[in-house]
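Written out below as C-alpha cells is the structure these notes cover.
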2 protein chains.
Amino acid sequence: MGTEDDVTPVARPGRPYDRSRDAQILAVTLDALAEREYEHVTIDAVAQRAGRAKTTLYRRWPTKVDLVLAAVEAAGRPPEADELPDEGTLRADLLAVVDSPWLGGPERRLAIFTGLTSAARSSDRLADAVRTTVTEPYVAVYRALLQRAVDRGQVAAELAPRVPLLAQVIPAMSGHRLGATGEPAGREFFVSVVDQVVLPALAHPPGPATPA
Amino acid sequence: MGTEDDVTPVARPGRPYDRSRDAQILAVTLDALAEREYEHVTIDAVAQRAGRAKTTLYRRWPTKVDLVLAAVEAAGRPPEADELPDEGTLRADLLAVVDSPWLGGPERRLAIFTGLTSAARSSDRLADAVRTTVTEPYVAVYRALLQRAVDRGQVAAELAPRVPLLAQVIPAMSGHRLGATGEPAGREFFVSVVDQVVLPALAHPPGPATPA
DNA sequence: GGATTACGATACTGATGAGTAGCGTAAGCG
DNA sequence: CGCTTACGCTACTCATCAGTATCGTAATCC
C-alpha cells in the first residue's frame with residue numbers, strides 16, 4: 001500500500017492547472033455524445049459549451065479519444081448491489097437501480113448510454129472502456145440482485161439459469177427504445193419492463209405449463 | 001389504377017444504365033455498414049468492393065444518404081405474420097422469424113441492424129427510413145405472432161397487455177448483445193431469449209404468485 | 001520581481017472524404 | 001455510321017475537423 005504514491009503533489013514551478021472545471025468539461029462531453037453522433041461531436045464545440053479554450057482541453061487530454069475516455073471514467077460506476085439499500089423485494093431492488101442517480105438518472109443515463117455504445121463503434125479503445133466501466137458493471141448489478149433473490153428463495157432455484165440473460169433485459173430494452181424506436185424512456189418505461197417482462201419470467205417454474 | 005405508370009420504359013437515346021449489378025452495390029453498402037461506422041464507410045470503398053466506379057454510384061444515388069436509403073429499401077421487409085407458415089406453436093412461430101432469410105439470416109441481419117440503427121444517428125432522413133422499413137415491421141411480426149397466440153387461447157387473455165413490450169424483447173436483446181457487449185449472436189442466442197425470457201413471461205397469469 | 005507554466009484567442013497545418021469535371025471508350029438507337 | 005448517354009478513370013474542389021503553433025496575459029513559486 002503506497003503511502004505516498006499520488007499524482008506528484010510536488011509543487012512544480014509556474015502557474016498550476018485549474019482543475020476546478022475539469023469535471024464540467026467531462027460532463028459536457030457526455031452531454032454532447034448523448035445528443036450527436038461521436039464523429040459529429042467536435043472538440044471546438046465541447047470547449048465552447050464548457051466555456052474553455054480548445055487548447056486547454058488539449059493540455060489535459062491529448063486526443064479526442066482520450067477526452068471521451070476520461071469522460072467515461074469520470075462518469076462513475078453504476079451502483080454495486082451491496083451498496084444499495086436492501087429493499088426486501090426484488091421489484092424494489094430493481095427499481096432502486098433504475099432510480100439511482102448514476103449518470104444523472106434514468107433519462108440522461110439512457111441518452112448517454114446510447115451515445116457511448118454508438119461511439120464505441122469508432123474506436124477499439126473506446127469500445128473496451130465502455131464495456132468495462134459502463135456496460136458490464138451495469139448488467140452486473142441486475143445480475144447480482146436477481147441472484148440474491150434466488151439465494152433468498154424469493155425466486156425458485158430452478159430458475160437460476162435464466163438470471164444471466166434476464167439481467168440484460170432492462171439495459172437492452174431501454175437501449176432499443178431510444179436507439180431503435182427513437183422514443184426516450186422515462187421511469188414508467190423501466191417499470192413496465194420490470195413488471196411485464198423481468199418479474200413474470202421469474203414467476204413460474206419451468207415445466208409443461210409453458211405456452212405451446 | 002394506372003395501367004402504364006411505370007418508370008418510363010420509353011427508350012431514351014444513348015447507352016442504357018446497366019442495372020444488373022445495382023442490387024450488389026446495395027448489398028455491399030449494407031455489408032460495409034455492418035462492419036464499420038457510417039461515417040467511416042466511404043463511397044470510394046463501397047465502389048471498389050462492388051467493382052464499379054465511384055462516378056457510377058453517383059449517377060444513381062446523388063448523395064451518400066441516398067445510397068444508404070436505397071440500400072435500406074432494397075433490403076426488403078421482414079416477413080409478415082400471415083406469410084409465414086403457421087407452425088402451430090408460439091415457440092415455433094417465433095423461431096421461424098429468427099430463421100427467416102431476411103437480411104441474410106440471423107447473424108448478418110443483426111450486424112446490419114446494428115449498423116443501421118447506429119447510422120440513423122447521423123441523419124434524420126435515415127432515421128425515419130430505418131424505423132419505418134426495418135425496426136417497426138420487425139417488431140410488428142413478433143407482435144402479430146404473440147397476439148395470435150393470445151387470440152387462439154394458447155396464452156392467457158389477461159396477459160395480452162404484455163404483448164407490445166414482449167414483442168420488442170428479441171430485437172432489443174440481440175441488439176444489446178452485439179452493440180453493447182460486442183458478442184455476435186447466433187441462432188442459439190435467439191433460442192435462449194425465446195425460451196428464457198419471452199415464453200416464461202407469458203406462462204403465468206398475473207397474481208400474488210409474482211416474486212416479491 | 002523574475003522564472004516558469006497555465007490560460008485564452010486566433011491562426012494555421014494536414015488529412016480525410018463527399019461530391020464534381022473531363023475524357024477516352026463502350027453500348028445502344030435510328 | 002452518327003447521335004447520345006453510360007462507364008471507368010483520374011484529377012480536382014471544397015468543407016470539416018483533429019491537432020499544433022504562437023503570443024499576450026495571468027497565476028504561482030522563489
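We label chains A, B, ... in the order they appear in the C-alpha cells, count residues from 1 in each chain, and number ligands from 1 in the order shown.
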
May I have a table of the residues of chain D lying at most 8 Å from chain B, giving each one's closest pair of atoms and their distance in Å to one decimal, counting only C-alpha atoms (C1' of nucleotides), ordered by chain and ascending residue number, as a tab-separated table?
residue	atom	partner	partner_atom	distance
D:DC3	C1'	B:Gly14	CA	7.8
D:DT4	C1'	B:Gly14	CA	4.2
D:DT5	C1'	B:Gly14	CA	4.0
D:DA6	C1'	B:Arg15	CA	5.3
D:DC7	C1'	B:Thr56	CA	7.1
D:DG8	C1'	B:Ala53	CA	5.8
D:DC9	C1'	B:Ala53	CA	7.9

Report as a tab-separated table the residues of chain C within 8 Å of chain B, each with its shortest atom pair and distance in Å (one decimal), using only C-alpha atoms (C1' of nucleotides), ordered by chain and increasing residue number.
residue	atom	partner	partner_atom	distance
C:DG17	C1'	B:Thr42	CA	7.1
C:DA18	C1'	B:Lys64	CA	7.9
C:DG19	C1'	B:Thr63	CA	7.9
C:DA27	C1'	B:Arg15	CA	5.1
C:DG28	C1'	B:Arg15	CA	4.7
C:DC29	C1'	B:Pro13	CA	6.1

Check which residues of chain A sit at most 6 Å from chain B using only C-alpha atoms, and return one row each with the closest pair of atoms and their distance in Å to one decimal, ordered by chain and rising number, as CSV.
residue,atom,partner,partner_atom,distance
A:Glu37,CA,B:Arg121,CA,5.9
A:Thr89,CA,B:Ala212,CA,5.0
A:Leu90,CA,B:Ala212,CA,5.8
A:Thr117,CA,B:Ala180,CA,5.9
A:Ser118,CA,B:Ser118,CA,5.9
A:Arg121,CA,B:Glu37,CA,5.9
A:Arg162,CA,B:Gln196,CA,5.7
A:Ala172,CA,B:His176,CA,5.0
A:Met173,CA,B:Ala172,CA,5.3
A:His176,CA,B:Ala172,CA,5.0
A:Ala180,CA,B:Thr117,CA,5.9
A:Gln196,CA,B:Arg162,CA,5.7
A:Val197,CA,B:Ala201,CA,5.7
A:Pro200,CA,B:Ala201,CA,4.7
A:Ala201,CA,B:Ala201,CA,4.1
A:Ala203,CA,B:Thr210,CA,5.0
A:Thr210,CA,B:Ala203,CA,5.1
A:Pro211,CA,B:Ala203,CA,5.7
A:Ala212,CA,B:Thr89,CA,4.9

Quick one: write out the picked residues with C-alpha atoms as a PDB file, in the first residue's frame?
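Output below, filename again03.pdb:
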ATOM      1  CA  GLU A  37     -23.017  11.069 -33.051  1.00  0.00           C
ATOM      2  CA  THR A  89     -38.367  -7.281  -2.525  1.00  0.00           C
ATOM      3  CA  LEU A  90     -36.805  -7.964  -5.879  1.00  0.00           C
ATOM      4  CA  THR A 117     -22.315   2.396 -27.332  1.00  0.00           C
ATOM      5  CA  SER A 118     -22.623   4.124 -30.670  1.00  0.00           C
ATOM      6  CA  ARG A 121     -18.034   1.610 -32.970  1.00  0.00           C
ATOM      7  CA  ARG A 162     -32.293 -17.544 -16.517  1.00  0.00           C
ATOM      8  CA  ALA A 172     -31.348  -3.989 -23.647  1.00  0.00           C
ATOM      9  CA  MET A 173     -34.947  -2.845 -23.693  1.00  0.00           C
ATOM     10  CA  HIS A 176     -33.659  -0.463 -28.001  1.00  0.00           C
ATOM     11  CA  ALA A 180     -34.164   1.869 -32.474  1.00  0.00           C
ATOM     12  CA  GLN A 196     -44.214  -7.140 -17.653  1.00  0.00           C
ATOM     13  CA  VAL A 197     -41.026  -8.902 -18.581  1.00  0.00           C
ATOM     14  CA  PRO A 200     -43.084 -12.547 -14.944  1.00  0.00           C
ATOM     15  CA  ALA A 201     -40.211 -14.517 -16.411  1.00  0.00           C
ATOM     16  CA  ALA A 203     -42.709 -16.196 -11.622  1.00  0.00           C
ATOM     17  CA  THR A 210     -45.083 -23.134 -20.763  1.00  0.00           C
ATOM     18  CA  PRO A 211     -47.234 -21.844 -23.632  1.00  0.00           C
ATOM     19  CA  ALA A 212     -47.098 -24.081 -26.642  1.00  0.00           C
TER      20      ALA A 212
END

Chain C residues near segment 13-25 of chain D within 12 Å, closest pair each, using only C-alpha atoms (C1' of nucleotides), as a Markdown table:
| residue | atom | partner | partner_atom | distance |
| --- | --- | --- | --- | --- |
| C:DA6 | C1' | D:DT25 | C1' | 10.4 |
| C:DC7 | C1' | D:DT25 | C1' | 8.3 |
| C:DG8 | C1' | D:DT25 | C1' | 8.9 |
| C:DA9 | C1' | D:DC23 | C1' | 9.2 |
| C:DT10 | C1' | D:DT22 | C1' | 9.1 |
| C:DA11 | C1' | D:DT22 | C1' | 8.6 |
| C:DC12 | C1' | D:DA21 | C1' | 7.5 |
| C:DT13 | C1' | D:DT20 | C1' | 7.6 |
| C:DG14 | C1' | D:DG19 | C1' | 9.2 |
| C:DA15 | C1' | D:DA18 | C1' | 9.0 |
| C:DT16 | C1' | D:DT16 | C1' | 9.1 |
| C:DG17 | C1' | D:DT16 | C1' | 9.5 |
| C:DA18 | C1' | D:DA15 | C1' | 9.0 |
| C:DG19 | C1' | D:DT13 | C1' | 8.9 |
| C:DT20 | C1' | D:DT13 | C1' | 7.7 |
| C:DA21 | C1' | D:DT13 | C1' | 9.7 |

Output for the residues just chosen: N, CA and C atoms (P, O5', C5', C4', C3', O3' and C1' of nucleotides) as a short mmCIF file (atom, residue, chain, number, x, y, z; two decimals), in the first residue's frame:
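Generated output (part_38.cif):
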data_model
loop_
_atom_site.label_atom_id
_atom_site.label_comp_id
_atom_site.auth_asym_id
_atom_site.auth_seq_id
_atom_site.Cartn_x
_atom_site.Cartn_y
_atom_site.Cartn_z
P DA C 6 1.77 23.94 -17.62
"O5'" DA C 6 0.43 24.79 -17.42
"C5'" DA C 6 -0.18 24.82 -16.14
"C4'" DA C 6 -1.27 25.86 -16.13
"C3'" DA C 6 -2.36 25.63 -17.17
"O3'" DA C 6 -3.62 25.85 -16.56
"C1'" DA C 6 -1.35 27.77 -17.50
P DC C 7 -4.93 25.52 -17.31
"O5'" DC C 7 -5.26 26.88 -18.07
"C5'" DC C 7 -5.73 28.00 -17.30
"C4'" DC C 7 -5.92 29.17 -18.22
"C3'" DC C 7 -6.83 28.89 -19.42
"O3'" DC C 7 -8.08 29.52 -19.18
"C1'" DC C 7 -4.90 30.20 -19.99
P DG C 8 -9.33 29.22 -20.10
"O5'" DG C 8 -9.22 30.31 -21.26
"C5'" DG C 8 -9.29 31.67 -20.92
"C4'" DG C 8 -8.97 32.51 -22.13
"C3'" DG C 8 -9.80 32.17 -23.37
"O3'" DG C 8 -10.40 33.38 -23.83
"C1'" DG C 8 -7.49 32.23 -23.91
P DA C 9 -11.48 33.39 -25.00
"O5'" DA C 9 -10.60 33.77 -26.27
"C5'" DA C 9 -9.71 34.88 -26.17
"C4'" DA C 9 -8.95 35.02 -27.48
"C3'" DA C 9 -9.72 34.53 -28.70
"O3'" DA C 9 -9.78 35.57 -29.67
"C1'" DA C 9 -7.55 33.56 -28.62
P DT C 10 -10.67 35.43 -30.97
"O5'" DT C 10 -9.60 35.36 -32.13
"C5'" DT C 10 -8.33 36.00 -31.96
"C4'" DT C 10 -7.33 35.37 -32.90
"C3'" DT C 10 -7.95 34.83 -34.19
"O3'" DT C 10 -7.25 35.38 -35.31
"C1'" DT C 10 -6.51 33.24 -33.23
P DA C 11 -7.73 35.13 -36.82
"O5'" DA C 11 -6.38 34.59 -37.47
"C5'" DA C 11 -5.15 34.76 -36.80
"C4'" DA C 11 -4.20 33.63 -37.19
"C3'" DA C 11 -4.49 33.03 -38.57
"O3'" DA C 11 -3.31 33.03 -39.35
"C1'" DA C 11 -4.34 31.32 -36.92
P DC C 12 -3.36 32.56 -40.89
"O5'" DC C 12 -2.82 31.06 -40.84
"C5'" DC C 12 -1.52 30.83 -40.29
"C4'" DC C 12 -1.38 29.37 -39.90
"C3'" DC C 12 -1.48 28.38 -41.05
"O3'" DC C 12 -0.17 28.00 -41.46
"C1'" DC C 12 -2.51 27.61 -39.03
P DT C 13 -0.01 27.13 -42.81
"O5'" DT C 13 -0.07 25.64 -42.27
"C5'" DT C 13 0.87 25.20 -41.30
"C4'" DT C 13 0.62 23.73 -40.99
"C3'" DT C 13 0.54 22.84 -42.24
"O3'" DT C 13 1.27 21.66 -41.97
"C1'" DT C 13 -1.39 22.57 -40.93
P DG C 14 1.74 20.74 -43.20
"O5'" DG C 14 1.01 19.35 -42.89
"C5'" DG C 14 0.34 19.16 -41.66
"C4'" DG C 14 -0.61 17.99 -41.77
"C3'" DG C 14 -0.63 17.30 -43.14
"O3'" DG C 14 -0.92 15.94 -42.92
"C1'" DG C 14 -2.75 18.24 -42.71
P DA C 15 -0.72 14.92 -44.11
"O5'" DA C 15 -1.94 13.93 -43.85
"C5'" DA C 15 -2.40 13.73 -42.52
"C4'" DA C 15 -3.88 13.44 -42.53
"C3'" DA C 15 -4.35 12.58 -43.71
"O3'" DA C 15 -5.10 11.50 -43.20
"C1'" DA C 15 -5.69 14.53 -43.53
P DT C 16 -5.52 10.33 -44.24
"O5'" DT C 16 -7.05 10.06 -43.82
"C5'" DT C 16 -7.70 10.85 -42.86
"C4'" DT C 16 -9.03 11.30 -43.38
"C3'" DT C 16 -9.60 10.46 -44.54
"O3'" DT C 16 -10.85 9.97 -44.14
"C1'" DT C 16 -9.85 12.77 -44.94
P DG C 17 -11.53 8.70 -44.89
"O5'" DG C 17 -12.83 9.30 -45.54
"C5'" DG C 17 -13.56 10.31 -44.85
"C4'" DG C 17 -14.35 11.13 -45.83
"C3'" DG C 17 -14.82 10.36 -47.08
"O3'" DG C 17 -16.14 10.77 -47.37
"C1'" DG C 17 -13.68 12.28 -47.72
P DA C 18 -17.20 9.77 -48.10
"O5'" DA C 18 -18.30 10.79 -48.61
"C5'" DA C 18 -18.82 11.74 -47.70
"C4'" DA C 18 -19.22 13.01 -48.44
"C3'" DA C 18 -20.06 12.79 -49.68
"O3'" DA C 18 -21.05 13.82 -49.75
"C1'" DA C 18 -18.07 13.95 -50.25
P DG C 19 -22.36 13.60 -50.63
"O5'" DG C 19 -21.86 14.19 -52.02
"C5'" DG C 19 -21.75 15.62 -52.09
"C4'" DG C 19 -20.93 16.00 -53.29
"C3'" DG C 19 -21.45 15.52 -54.64
"O3'" DG C 19 -21.78 16.68 -55.42
"C1'" DG C 19 -19.10 15.36 -54.49
P DT C 20 -22.21 16.59 -56.93
"O5'" DT C 20 -20.86 17.01 -57.68
"C5'" DT C 20 -20.22 18.22 -57.31
"C4'" DT C 20 -19.17 18.58 -58.35
"C3'" DT C 20 -19.62 18.43 -59.81
"O3'" DT C 20 -19.14 19.58 -60.50
"C1'" DT C 20 -17.67 17.16 -59.47
P DA C 21 -19.62 19.88 -62.03
"O5'" DA C 21 -18.26 20.00 -62.84
"C5'" DA C 21 -17.01 19.81 -62.17
"C4'" DA C 21 -15.88 19.77 -63.19
"C3'" DA C 21 -16.32 19.72 -64.64
"O3'" DA C 21 -15.30 20.31 -65.45
"C1'" DA C 21 -15.27 17.67 -64.09
#

Can you work out the spacing between atom CA of Val97 of chain B and atom CA of Gly186 of chain B in Å, to one decimal?
13.6 Å

Could you jot down the atom CA of Val65 of chain B to atom CA of Arg125 of chain B separation for me, Å, one decimal place?
8.0 Å
